[in-house]
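K.L.:
Before we start, here is the structure in question, set down as structure tokens.
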Amino acid sequence: AVVSTQSTGISIKLTRTMELDGGLARSLSASIGFPEDQLKTVLCLLASYPFAFILKSFPNVPAVKHVFGIVLGLFFCTYCLGPYAWIHSFVTSTIVYAFLTLLPLRLSYKVVFIFSMGYMSISHIYRQYNDYMGWTLDYTGPQMLLTLKLSSLGFNYFDGNRTDTEKLNDEMKRRSVKKLPTLLEFYGFVYFFPTFLAGPPMEITDYLNFINMTAFNDKACNGKIPSTVLPSLFTLLKALLCLPMVFLSDFVVPPGFIVSDAFKNLNWSEKMWRIHAHAFPTRFKYYFAWYLSEGSCVASGLGYNGFETVKNGKKEKDEKYVLKWNRLTNVYPYYVEFAQSTRDVATNWNVGVSDWLRNYVYNRVTPPGQKPTFFATLATFSISAFWHGFYPGYYCFFIFVAFLQEIGKDIRRKVRPLVVKSDGTPKQPSKRIYDFLGFVLTEWIFSYLGLSFVLLSFDNTVRNWGAFYFIPNVLLIVVFVIMRFIFPTPPAPKPVAKKE
């Protein structure tokens with residue numbers, strides 16, 4: 001829907017001209033009290049399932065699959081975000097394709113990265129200016145995902161044609177692209193309908209291998225897409241199980257309360273559990289959207305990620321193939337909610353973006369053969385904040401999480417050897433205490449810092465953190481200094497002499 005600053009009558013008229021569903025989403029939104037823009041996105045994600053099954057049934061004619069995906073992606077974009085929202089993705093992707101075609105290889109990937117991030121940043125600024133502190137969905141969401149796709153393609157094309165191949169690790173080689181995709185392949189990659197609105201981001205190599213069916217040339221599939229009904233419906237079920245928490249998230253502890261004087265005046269223990277009580281259900285909004293999007297990817301076959309062999313006997317014919325459908329899994333909620341370290345959270349939350357940050361930022365600013373430094377961590381989290389937008393809350397979060405990440409590294413390097421023997425055997429009960437403290441502290445500090453993502457503004461973030469007198473923030477810096485510069489590194493265990 002279009003928000004108009006003119007008279008109410010004009011606003012209604014403009015809105016109804018874009019109701020491609022005859023007003024279904026608007027009336028349903030009013031009935032259940034769910035925002036219309038978010039409801040439209042959910043309806044499109046649900047509609048992706050039957051369309052994904054249809055795509056799976058197509059004969060192996062890549063051009064037809066590309067066109068089918070592009071048409072649906074453009075329709076979803078128009079239906080959810082307005083009649084002109086597709087222009088942004090079309091213009092940016094076309095310019096990027098021109099850069100990759102015309103510019104020298106050593107320059108093109110850098111220009112693509114800067115241009116993609118720059119266009120997205122201007123979009124964030126425009127949105128922030130026109131809808132400050134608002135949560136209305138617009139083209140900036142898909143544009144953020146497109147930025148990941150386009151920048152990764154630039155790096156992969158460079159990697160596929162560089163001469164110093166000794167600097168490429170195995171993952172860079174797997175993702176590398178030796179020749180540019182055709183325009184039809186490129187736009188199919190850009191507008192692929194199951195991932196266009198909510199992700200997860202994907203690699204051009206994975207998309208083309210799926211479309212061309214080469215992803216299924218193994219002994220488990222024999223060149224055909226296996227049945228995707230059960231794995232896709234199972235993923236959909238996980239999304240639906242998250243749905244109740246989506247509705248409850250703003251009622252358990254309303255966002256306005258955690259920045260109020262009433263919250264500040266609570267005792268410490270009550271403030272601590274209320275912080276977590278608000279952050280915990282808020283995460284389920286992301287779980288719901290990511291599972292919903294992933295399920296349609298699985299339904300199409302794109303989620304196929306090889307197989308594991310289970311032997312039921314000694315003969316080869318007794319082997320059983322267990323198919324894996326986690327190529328585009330974007331979150332593992334159990335490992336997020338029971339994480340024992342910052343690394344656990346980063347590995348299992350928003351996996352697609354974490355993968356992009358690791359492969360195209362963290363590893364790129366670290367010279368080959370050298371260990372990542374604090375600069376690599378800070379650069380990675382800075383780019384992540386930049387990618388999310390320009391609300392101060394994002395930067396408050398990522399600055400402190402950068403320190404938290406480094407503390408986690410130092411604890412694993414300096415403290416963990418004290419509770420684990422050189423052969424990996426845990427020293428009990430020390431290891432249980434270590435794991436429990438890691439779980440409690442990780443969960444609470446991420447809830448505490450993560451609320452700045454919801455509060456957005458610097459004023460609200462400071463007001464919330466001020467209710468705790470900034471003690472957690474100060475402790476993070478103090479612990480970082482102690483662990484990095486004061487706490488000694490335990491001596492390396494002596495190798496056990498082998499008996500002759």
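Ordered as shown in the structure tokens, chains take letters A, B, and onward, while each chain numbers its residues from 1 and ligands are numbered from 1 in the order shown.
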Using only C-alpha atoms, determine which residues lie at most 9 Å from Gly352 (chain A), disregarding the query and same-chain residues fewer than 3 positions distant; provide the list as number ranges by chain.
P.N.:
A: 199-202, 328-331, 349, 355-357
K.L.:
Excluding Val310 (chain A) and residues on its chain fewer than 4 positions from it, collect all residues at most 7 Å away from it, counting only C-alpha atoms, and give them as a PyMOL selection string.
P.N.:
chain A and resi 319-321
K.L.:
Using DSSP on the backbone, list every residue of region 153-356 of chain A that comes out as strand (DSSP E), and give them as a VMD selection string.
P.N.:
chain A and resid 307 to 311 319 to 323
K.L.:
Would you please give, as an MDAnalysis selection string, all residues of region 241-300 of chain A that DSSP assigns to alpha helix (DSSP H) based on the backbone?
P.N.:
chainID A and resid 241:252 261:264 268:300
K.L.:
So, with only C-alpha atoms as the atoms that count, which of A:Ile211, A:Leu20, A:Ile433, A:Ile407 lies closest to Phe189 (chain A)?
P.N.:
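Once distances to Phe189 (chain A) are computed over only C-alpha atoms, the minimum belongs to A:Ile211.
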